[in-house]
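One file, entry.cif, is given below (mmCIF, C-alpha atoms).
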```cif
data_my_file
#
loop_
_atom_site.group_PDB
_atom_site.id
_atom_site.type_symbol
_atom_site.label_atom_id
_atom_site.label_comp_id
_atom_site.auth_asym_id
_atom_site.auth_seq_id
_atom_site.Cartn_x
_atom_site.Cartn_y
_atom_site.Cartn_z
ATOM 1 C CA MET I 1 7.061 -146.712 -80.384
ATOM 2 C CA ALA I 2 9.313 -149.271 -78.686
ATOM 3 C CA LYS I 3 10.702 -152.186 -80.639
ATOM 4 C CA ILE I 4 9.236 -155.541 -79.752
ATOM 5 C CA SER I 5 12.314 -157.600 -80.591
ATOM 6 C CA ASP I 6 15.940 -157.301 -81.626
ATOM 7 C CA ASN I 7 18.498 -159.739 -82.976
ATOM 8 C CA TYR I 8 21.077 -160.891 -80.443
ATOM 9 C CA GLU I 9 24.207 -162.994 -80.504
ATOM 10 C CA VAL I 10 25.628 -164.648 -77.417
ATOM 11 C CA VAL I 11 29.036 -166.267 -77.251
ATOM 12 C CA TYR I 12 29.824 -168.213 -74.119
ATOM 13 C CA ILE I 13 32.825 -170.304 -73.175
ATOM 14 C CA VAL I 14 32.352 -173.485 -71.166
ATOM 15 C CA ASP I 15 35.231 -174.931 -69.139
ATOM 16 C CA PRO I 16 36.202 -178.153 -70.992
ATOM 17 C CA ALA I 17 37.300 -179.695 -67.675
ATOM 18 C CA VAL I 18 33.628 -180.251 -66.745
ATOM 19 C CA GLY I 19 33.453 -183.028 -69.363
ATOM 20 C CA GLU I 20 31.562 -183.571 -72.615
ATOM 21 C CA GLU I 21 28.282 -184.569 -70.963
ATOM 22 C CA ALA I 22 28.221 -181.445 -68.796
ATOM 23 C CA ILE I 23 29.059 -179.259 -71.820
ATOM 24 C CA ALA I 24 26.188 -180.812 -73.808
ATOM 25 C CA ALA I 25 23.842 -180.322 -70.839
ATOM 26 C CA THR I 26 24.902 -176.659 -70.507
ATOM 27 C CA VAL I 27 24.337 -175.977 -74.220
ATOM 28 C CA GLU I 28 20.916 -177.661 -74.009
ATOM 29 C CA LYS I 29 20.050 -175.684 -70.856
ATOM 30 C CA PHE I 30 20.585 -172.314 -72.550
ATOM 31 C CA LYS I 31 18.839 -173.431 -75.741
ATOM 32 C CA ALA I 32 15.801 -174.522 -73.691
ATOM 33 C CA LEU I 33 15.895 -171.254 -71.728
ATOM 34 C CA ALA I 34 15.754 -169.240 -74.972
ATOM 35 C CA GLU I 35 12.862 -171.385 -76.230
ATOM 36 C CA GLN I 36 10.963 -170.902 -72.947
ATOM 37 C CA HIS I 37 11.272 -167.127 -73.322
ATOM 38 C CA GLY I 38 9.760 -167.242 -76.806
ATOM 39 C CA CYS I 39 12.911 -166.382 -78.731
ATOM 40 C CA SER I 40 12.492 -166.717 -82.485
ATOM 41 C CA GLY I 41 15.090 -167.668 -85.079
ATOM 42 C CA LEU I 42 17.110 -169.556 -82.473
ATOM 43 C CA GLU I 43 20.375 -170.954 -83.829
ATOM 44 C CA VAL I 44 23.032 -172.700 -81.751
ATOM 45 C CA GLU I 45 26.463 -173.214 -83.258
ATOM 46 C CA GLU I 46 29.117 -175.082 -81.304
ATOM 47 C CA TRP I 47 32.625 -174.022 -82.259
ATOM 48 C CA GLY I 48 34.161 -176.671 -80.023
ATOM 49 C CA LYS I 49 37.326 -176.559 -77.968
ATOM 50 C CA ARG I 50 39.676 -173.707 -78.794
ATOM 51 C CA ARG I 51 42.669 -172.078 -77.233
ATOM 52 C CA LEU I 52 41.825 -168.934 -75.265
ATOM 53 C CA ALA I 53 43.512 -165.637 -76.198
ATOM 54 C CA TYR I 54 44.556 -165.346 -72.540
ATOM 55 C CA ALA I 55 44.211 -167.578 -69.493
ATOM 56 C CA ILE I 56 40.956 -167.308 -67.528
ATOM 57 C CA ASN I 57 41.245 -168.706 -64.000
ATOM 58 C CA TYR I 58 44.479 -170.451 -65.113
ATOM 59 C CA LYS I 59 42.660 -172.246 -67.939
ATOM 60 C CA THR I 60 44.012 -171.977 -71.490
ATOM 61 C CA GLU I 61 41.245 -173.759 -73.437
ATOM 62 C CA GLY I 62 37.482 -173.391 -73.607
ATOM 63 C CA HIS I 63 34.502 -174.875 -75.440
ATOM 64 C CA TYR I 64 32.981 -172.024 -77.466
ATOM 65 C CA VAL I 65 29.253 -171.777 -78.237
ATOM 66 C CA LEU I 66 27.495 -169.145 -80.381
ATOM 67 C CA MET I 67 23.763 -168.636 -79.947
ATOM 68 C CA SER I 68 21.749 -166.301 -82.216
ATOM 69 C CA PHE I 69 18.129 -165.337 -81.602
ATOM 70 C CA SER I 70 15.512 -162.588 -81.725
ATOM 71 C CA SER I 71 13.804 -161.603 -78.490
ATOM 72 C CA ASP I 72 12.463 -158.720 -76.468
ATOM 73 C CA PRO I 73 15.154 -156.661 -74.669
ATOM 74 C CA ALA I 74 14.334 -158.135 -71.226
ATOM 75 C CA PHE I 75 15.529 -161.674 -72.033
ATOM 76 C CA PRO I 76 19.237 -160.906 -72.728
ATOM 77 C CA LYS I 77 19.501 -159.268 -69.285
ATOM 78 C CA GLU I 78 18.088 -162.408 -67.668
ATOM 79 C CA LEU I 79 20.311 -164.629 -69.847
ATOM 80 C CA ASP I 80 23.385 -162.625 -68.814
ATOM 81 C CA ARG I 81 22.452 -163.052 -65.143
ATOM 82 C CA ILE I 82 22.014 -166.821 -65.524
ATOM 83 C CA LEU I 83 25.265 -167.195 -67.507
ATOM 84 C CA GLY I 84 27.029 -165.328 -64.688
ATOM 85 C CA ILE I 85 25.874 -167.750 -61.990
ATOM 86 C CA THR I 86 26.228 -171.013 -63.944
ATOM 87 C CA ASP I 87 29.130 -173.244 -62.924
ATOM 88 C CA GLY I 88 31.516 -174.038 -65.758
ATOM 89 C CA ILE I 89 30.931 -170.821 -67.743
ATOM 90 C CA LEU I 90 34.287 -169.063 -68.079
ATOM 91 C CA ARG I 91 33.107 -166.006 -70.046
ATOM 92 C CA SER I 92 30.072 -164.788 -71.949
ATOM 93 C CA MET I 93 29.186 -161.830 -74.100
ATOM 94 C CA ILE I 94 25.825 -160.735 -75.467
ATOM 95 C CA VAL I 95 25.682 -158.411 -78.468
ATOM 96 C CA CYS I 96 22.636 -156.748 -80.002
ATOM 97 C CA LYS I 97 22.946 -156.891 -83.780
ATOM 98 C CA GLY I 98 20.029 -154.527 -84.408
ATOM 99 C CA GLU I 99 18.267 -155.017 -87.732
#
```
Could you write out this structure as structure tokens?
Amino acid sequence: MAKISDNYEVVYIVDPAVGEEAIAATVEKFKALAEQHGCSGLEVEEWGKRRLAYAINYKTEGHYVLMSFSSDPAFPKELDRILGITDGILRSMIVCKGE
């Protein structure tokens, strides 16, 4: 029998050069997207601006955001696709935490 949902964690880095309003709008966009897809246990934790371990597109700082949720396995694939095409997202990583 297939599992209905798993626990996931997503960390994404927003380019701080887009400005505070755009960062807040981006965080809200992904939170709303998770809510639309029926994710349960949604938690969004903003870590704020931090120095990157290495430069990404010549940028040395990024605004880090951690999002935790439970969902069916189809949503993280869609989330990854949307993170990949969103302006201002420097990097993102989705991890399945299992139980």
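With all atoms listed in the file as the atoms that count, the minimum distance from Asp72 of chain I to the choices I:Val10, I:Pro16, I:Gly38, I:Glu21 is reached by I:Gly38.
Proximity of I:Asp15, I:Asp6, I:Glu78, I:Asp87 to Leu52 of chain I, computed with all atoms listed in the file, is greatest for I:Asp15.
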Kindly resolve the PyMOL selection byres ((chain I and resi 43) around 12) on the present coordinates and return the residues as a CSV table (one decimal) with C-alpha atoms, in the coordinates of the input.
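Saved to expr-v1.csv:
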```csv
chain,number,residue,atom,x,y,z
I,7,ASN,CA,18.5,-159.7,-83.0
I,8,TYR,CA,21.1,-160.9,-80.4
I,9,GLU,CA,24.2,-163.0,-80.5
I,10,VAL,CA,25.6,-164.6,-77.4
I,11,VAL,CA,29.0,-166.3,-77.3
I,27,VAL,CA,24.3,-176.0,-74.2
I,28,GLU,CA,20.9,-177.7,-74.0
I,30,PHE,CA,20.6,-172.3,-72.6
I,31,LYS,CA,18.8,-173.4,-75.7
I,32,ALA,CA,15.8,-174.5,-73.7
I,34,ALA,CA,15.8,-169.2,-75.0
I,35,GLU,CA,12.9,-171.4,-76.2
I,39,CYS,CA,12.9,-166.4,-78.7
I,40,SER,CA,12.5,-166.7,-82.5
I,41,GLY,CA,15.1,-167.7,-85.1
I,42,LEU,CA,17.1,-169.6,-82.5
I,44,VAL,CA,23.0,-172.7,-81.8
I,45,GLU,CA,26.5,-173.2,-83.3
I,46,GLU,CA,29.1,-175.1,-81.3
I,65,VAL,CA,29.3,-171.8,-78.2
I,66,LEU,CA,27.5,-169.1,-80.4
I,67,MET,CA,23.8,-168.6,-79.9
I,68,SER,CA,21.7,-166.3,-82.2
I,69,PHE,CA,18.1,-165.3,-81.6
I,70,SER,CA,15.5,-162.6,-81.7
```
- Task: Could you state which residues are captured by the PyMOL selection byres ((chain I and resi 83) around 12) in this file, as a count of residues only?
- Result: 28
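Going from atom CA of Val18 of chain I over to atom CA of Val95 of chain I, you cover 26.0 Å.
Atom CA of Cys96 of chain I sits 26.3 Å away from atom CA of Ala55 of chain I.
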- Message: To one decimal place in Å, what is the distance between atom CA of Ala17 of chain I and atom CA of Gly62 of chain I?
- Response: 8.7 Å
- Show me as an NGL selection string the residues that reach within 9 Å of (42.0, -172.3, -72.1), counting only C-alpha atoms and using the file's own coordinates. :I and (15-16 or 49-63)
Residue subset to file, keeping C-alpha atoms, as a JSON list (two decimals), in the frame of the given file:
```
[["chain", "number", "residue", "atom", "x", "y", "z"],
["I", 15, "ASP", "CA", 35.23, -174.93, -69.14],
["I", 16, "PRO", "CA", 36.20, -178.15, -70.99],
["I", 49, "LYS", "CA", 37.33, -176.56, -77.97],
["I", 50, "ARG", "CA", 39.68, -173.71, -78.79],
["I", 51, "ARG", "CA", 42.67, -172.08, -77.23],
["I", 52, "LEU", "CA", 41.82, -168.93, -75.26],
["I", 53, "ALA", "CA", 43.51, -165.64, -76.20],
["I", 54, "TYR", "CA", 44.56, -165.35, -72.54],
["I", 55, "ALA", "CA", 44.21, -167.58, -69.49],
["I", 56, "ILE", "CA", 40.96, -167.31, -67.53],
["I", 57, "ASN", "CA", 41.24, -168.71, -64.00],
["I", 58, "TYR", "CA", 44.48, -170.45, -65.11],
["I", 59, "LYS", "CA", 42.66, -172.25, -67.94],
["I", 60, "THR", "CA", 44.01, -171.98, -71.49],
["I", 61, "GLU", "CA", 41.24, -173.76, -73.44],
["I", 62, "GLY", "CA", 37.48, -173.39, -73.61],
["I", 63, "HIS", "CA", 34.50, -174.88, -75.44]]
```
Can you give me N, CA, C and O atoms for segment 55-69 of chain I, written as a JSON list (two decimals), in the coordinates of the input?
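So the final result, stored in rebuild27.json, reads:
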```
[["chain", "number", "residue", "atom", "x", "y", "z"],
["I", 55, "ALA", "N", 44.71, -166.64, -70.51],
["I", 55, "ALA", "CA", 44.21, -167.58, -69.49],
["I", 55, "ALA", "C", 43.09, -166.95, -68.66],
["I", 55, "ALA", "O", 43.17, -165.79, -68.29],
["I", 56, "ILE", "N", 42.05, -167.72, -68.40],
["I", 56, "ILE", "CA", 40.96, -167.31, -67.53],
["I", 56, "ILE", "C", 40.94, -168.31, -66.38],
["I", 56, "ILE", "O", 40.78, -169.50, -66.61],
["I", 57, "ASN", "N", 41.16, -167.83, -65.18],
["I", 57, "ASN", "CA", 41.24, -168.71, -64.00],
["I", 57, "ASN", "C", 42.25, -169.85, -64.24],
["I", 57, "ASN", "O", 41.97, -171.00, -63.93],
["I", 58, "TYR", "N", 43.38, -169.52, -64.82],
["I", 58, "TYR", "CA", 44.48, -170.45, -65.11],
["I", 58, "TYR", "C", 44.13, -171.49, -66.17],
["I", 58, "TYR", "O", 44.83, -172.47, -66.34],
["I", 59, "LYS", "N", 43.04, -171.31, -66.87],
["I", 59, "LYS", "CA", 42.66, -172.25, -67.94],
["I", 59, "LYS", "C", 43.05, -171.64, -69.28],
["I", 59, "LYS", "O", 42.90, -170.45, -69.50],
["I", 60, "THR", "N", 43.55, -172.48, -70.20],
["I", 60, "THR", "CA", 44.01, -171.98, -71.49],
["I", 60, "THR", "C", 43.13, -172.42, -72.65],
["I", 60, "THR", "O", 43.35, -172.00, -73.78],
["I", 61, "GLU", "N", 42.15, -173.30, -72.39],
["I", 61, "GLU", "CA", 41.24, -173.76, -73.44],
["I", 61, "GLU", "C", 39.80, -173.64, -72.96],
["I", 61, "GLU", "O", 39.52, -173.70, -71.77],
["I", 62, "GLY", "N", 38.90, -173.47, -73.94],
["I", 62, "GLY", "CA", 37.48, -173.39, -73.61],
["I", 62, "GLY", "C", 36.65, -173.94, -74.75],
["I", 62, "GLY", "O", 37.09, -173.97, -75.89],
["I", 63, "HIS", "N", 35.44, -174.37, -74.44],
["I", 63, "HIS", "CA", 34.50, -174.88, -75.44],
["I", 63, "HIS", "C", 33.58, -173.71, -75.80],
["I", 63, "HIS", "O", 32.77, -173.27, -74.98],
["I", 64, "TYR", "N", 33.72, -173.21, -77.04],
["I", 64, "TYR", "CA", 32.98, -172.02, -77.47],
["I", 64, "TYR", "C", 31.61, -172.40, -78.04],
["I", 64, "TYR", "O", 31.49, -173.36, -78.79],
["I", 65, "VAL", "N", 30.60, -171.58, -77.71],
["I", 65, "VAL", "CA", 29.25, -171.78, -78.24],
["I", 65, "VAL", "C", 28.70, -170.42, -78.65],
["I", 65, "VAL", "O", 28.79, -169.45, -77.90],
["I", 66, "LEU", "N", 28.14, -170.36, -79.88],
["I", 66, "LEU", "CA", 27.50, -169.14, -80.38],
["I", 66, "LEU", "C", 26.00, -169.42, -80.45],
["I", 66, "LEU", "O", 25.57, -170.44, -81.00],
["I", 67, "MET", "N", 25.22, -168.50, -79.91],
["I", 67, "MET", "CA", 23.76, -168.64, -79.95],
["I", 67, "MET", "C", 23.19, -167.34, -80.54],
["I", 67, "MET", "O", 23.52, -166.27, -80.05],
["I", 68, "SER", "N", 22.39, -167.46, -81.59],
["I", 68, "SER", "CA", 21.75, -166.30, -82.22],
["I", 68, "SER", "C", 20.24, -166.43, -82.05],
["I", 68, "SER", "O", 19.70, -167.52, -82.19],
["I", 69, "PHE", "N", 19.58, -165.31, -81.77],
["I", 69, "PHE", "CA", 18.13, -165.34, -81.60],
["I", 69, "PHE", "C", 17.56, -163.92, -81.67],
["I", 69, "PHE", "O", 18.29, -162.95, -81.60]]
```
